[in-house]
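What follows is a set of notes on a single structure, which appears directly below.
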Amino acid sequence: KAFAILSDNLYKDKILAVVRELSTNAVDAHIDAGNPNPFIVHLPTSLEPYFSVQDFGPGMTPEQIYSLYTSFFSSSKTARNDQVGALGLGSKSPFAVTDSFNIESICQGIKTVYTCFKGPVGPQILTIDTTDTDEPSGLTVSLSVAENQFFDFIYKATCLYFFFDTAPIITGATTAYKKAVEDYCKTQEILTTPTWTIYHRNMEWLENKAYINMGGIVYPVDRDLIKASKDVDYMLRLPIIFKVPLGLVDIAPSREEISYDKETIKNIIEVCSTAYKELPEAMNKKIWFAATKWEAVGKARKIYNFLNGSYRGSPI
């Protein structure tokens, strides 16, 4: 029962969870190896009906593989704030959509292929093959995808990677992904700074509310749980995404929501208060970059009407 809860019932959006968890694990592996290059994602197609994430981190030894993929809450990232993962749950996220998946690990010149599957008492691993190799170290996790889930994997990947500092290299359904990105990027930015962005038309999968972007993962903020000043409440009513350092807010085990402990609430209030004070300067900078006075007036009116008409109490 615990295995079912932690690998399947844990996630509301199962496909997004698989894409998110495997991708952030790849990012963490690159951080661990000091590798600034992007990882590789394969999106499913009719000829290649699978989803995979390949990183070029340090890889994993058989002992590490068997320890990580057959247990929960065991993680080497718990005490680190430079990596996204910390709970030891994400590696088993493929079980949310499939009964088995494959792992290929290249570590210290040895390539080992495994199959991870649901056993009667939890996750189990079978070693398929072990060979010497001169390929670069890294880890590849892959799983079969049903045809009726192709679009969901492509769309969820589009939504997720929009916020990554370094987007992955996409293989497989490249044409469909490119079209989805073009549609997704039609979203207009009203105001933006290095730490927050207000959108005129928010993304389809994001509601008209505030979000926290931490480590490339976007979490909705529940305004009702943040009891603060009118300034803070005003910011939380905007379609805004705050970009914060890893570890600034606590998250639920599913990594789909924020966990509202006292420190997290305090930090969110501070982020909102700072952004509120930065609004006038951000508006002025956008206007000053206009090519003509007419363009400047148009930008000013658009921003002013948006902030004061749609959301009362604006400092602008």
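Going by the structure tokens order, chains are called A, B, ..., each with residues numbered from 1, while ligands are numbered from 1 in the order shown.
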
Excluding A:Thr264 and its own-chain neighbours fewer than 3 positions away, which residues fall within 7 Å of it when counting only C-alpha atoms? Please give them as number ranges by chain. A: 248-250, 260-261, 267-268

Residues from last step as file, C-alpha atoms, as a PDB file, in the first residue's frame:
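And here's again.pdb as it stands now:
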```pdb
ATOM      1  CA  LEU A 248      13.404  29.284  -0.214  1.00  0.00           C
ATOM      2  CA  VAL A 249      10.025  27.572   0.060  1.00  0.00           C
ATOM      3  CA  ASP A 250       9.134  24.110   1.292  1.00  0.00           C
ATOM      4  CA  TYR A 260       3.057  26.294   3.947  1.00  0.00           C
ATOM      5  CA  ASP A 261       5.210  26.187   7.053  1.00  0.00           C
ATOM      6  CA  ASN A 267       9.707  34.103   2.626  1.00  0.00           C
ATOM      7  CA  ILE A 268       6.766  34.422   0.230  1.00  0.00           C
TER       8      ILE A 268
END
```

In stretch 22-224 of chain A, DSSP helix (DSSP H, G or I) residues written as a ChimeraX atom specification: /A:22-33,62-69,90-96,147-161,174-184,223-224

Mind checking which residues fall within 7 Å of A:Tyr114, counting only C-alpha atoms, ignoring those fewer than 2 positions away in the same chain, and posting them as a ChimeraX atom specification? /A:102-104,112,116,125-128

Write out, as a compact mmCIF listing (two decimals), in the first residue's frame, the residues just selected, with N, CA, C and O atoms.
```
# COMPACT_ATOMS: atom_id res chain seq x y z
N ASN A 102 12.85 1.13 -18.14
CA ASN A 102 14.25 0.72 -18.30
C ASN A 102 15.22 1.79 -17.83
O ASN A 102 14.93 2.99 -17.94
N ILE A 103 16.36 1.34 -17.34
CA ILE A 103 17.42 2.24 -16.88
C ILE A 103 18.72 1.79 -17.53
O ILE A 103 19.05 0.60 -17.51
N GLU A 104 19.44 2.74 -18.10
CA GLU A 104 20.78 2.46 -18.64
C GLU A 104 21.76 3.38 -17.93
O GLU A 104 21.65 4.60 -18.03
N THR A 112 25.52 -0.59 -17.82
CA THR A 112 24.63 -1.61 -17.27
C THR A 112 23.19 -1.24 -17.59
O THR A 112 22.79 -0.09 -17.41
N CYS A 116 13.22 -2.01 -14.31
CA CYS A 116 12.61 -1.77 -12.99
C CYS A 116 11.12 -2.04 -13.13
O CYS A 116 10.47 -1.51 -14.05
N ILE A 125 14.20 -4.73 -9.32
CA ILE A 125 15.10 -4.46 -10.44
C ILE A 125 15.73 -5.75 -10.93
O ILE A 125 16.11 -6.62 -10.13
N LEU A 126 15.84 -5.84 -12.25
CA LEU A 126 16.50 -6.98 -12.88
C LEU A 126 17.61 -6.44 -13.78
O LEU A 126 17.37 -5.58 -14.63
N THR A 127 18.82 -6.92 -13.59
CA THR A 127 19.94 -6.53 -14.45
C THR A 127 19.86 -7.29 -15.77
O THR A 127 19.84 -8.53 -15.77
N ILE A 128 19.82 -6.56 -16.88
CA ILE A 128 19.67 -7.17 -18.20
C ILE A 128 21.01 -7.44 -18.86
O ILE A 128 21.26 -8.51 -19.42
```

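Closest approach to A:Ser229 among A:Ile269, A:Leu143, A:Ile258, A:Ile190: A:Ile269, based on only C-alpha atoms.
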
Hey, what's within 7 Å of stretch 282-295 of chain A if we count only C-alpha atoms and toss same-chain stuff fewer than 4 positions away? As a PDB file with N, CA and C atoms, in the first residue's frame, please?
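Dumped to result_20.pdb:
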```pdb
ATOM      1  N   LEU A 191       5.330  43.045 -17.568  1.00  0.00           N
ATOM      2  CA  LEU A 191       6.527  43.564 -16.913  1.00  0.00           C
ATOM      3  C   LEU A 191       7.404  42.387 -16.511  1.00  0.00           C
ATOM      4  N   THR A 193      11.394  41.355 -14.566  1.00  0.00           N
ATOM      5  CA  THR A 193      12.671  41.652 -13.920  1.00  0.00           C
ATOM      6  C   THR A 193      13.407  40.319 -13.796  1.00  0.00           C
ATOM      7  N   GLU A 278       9.211  47.211  -6.456  1.00  0.00           N
ATOM      8  CA  GLU A 278       9.934  47.289  -7.723  1.00  0.00           C
ATOM      9  C   GLU A 278       9.034  47.597  -8.917  1.00  0.00           C
ATOM     10  N   LYS A 299       2.675  51.909 -24.347  1.00  0.00           N
ATOM     11  CA  LYS A 299       3.115  50.942 -23.345  1.00  0.00           C
ATOM     12  C   LYS A 299       2.655  51.343 -21.949  1.00  0.00           C
ATOM     13  N   ALA A 300       2.800  52.626 -21.655  1.00  0.00           N
ATOM     14  CA  ALA A 300       2.406  53.114 -20.327  1.00  0.00           C
ATOM     15  C   ALA A 300       0.916  52.906 -20.094  1.00  0.00           C
TER      16      ALA A 300
END
```

Fewer than 5 positions away in the same chain doesn't count, so skip those; otherwise give me all residues within 8 Å of A:Thr140, counting only C-alpha atoms, as a PyMOL selection string. chain A and resi 52-55+103-105

Counting only C-alpha atoms, the option among A:Gly57, A:Gly119, A:Pro62, A:Pro220 closest to A:Pro239: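 For A:Pro239, the nearest of the given residues is A:Pro220.
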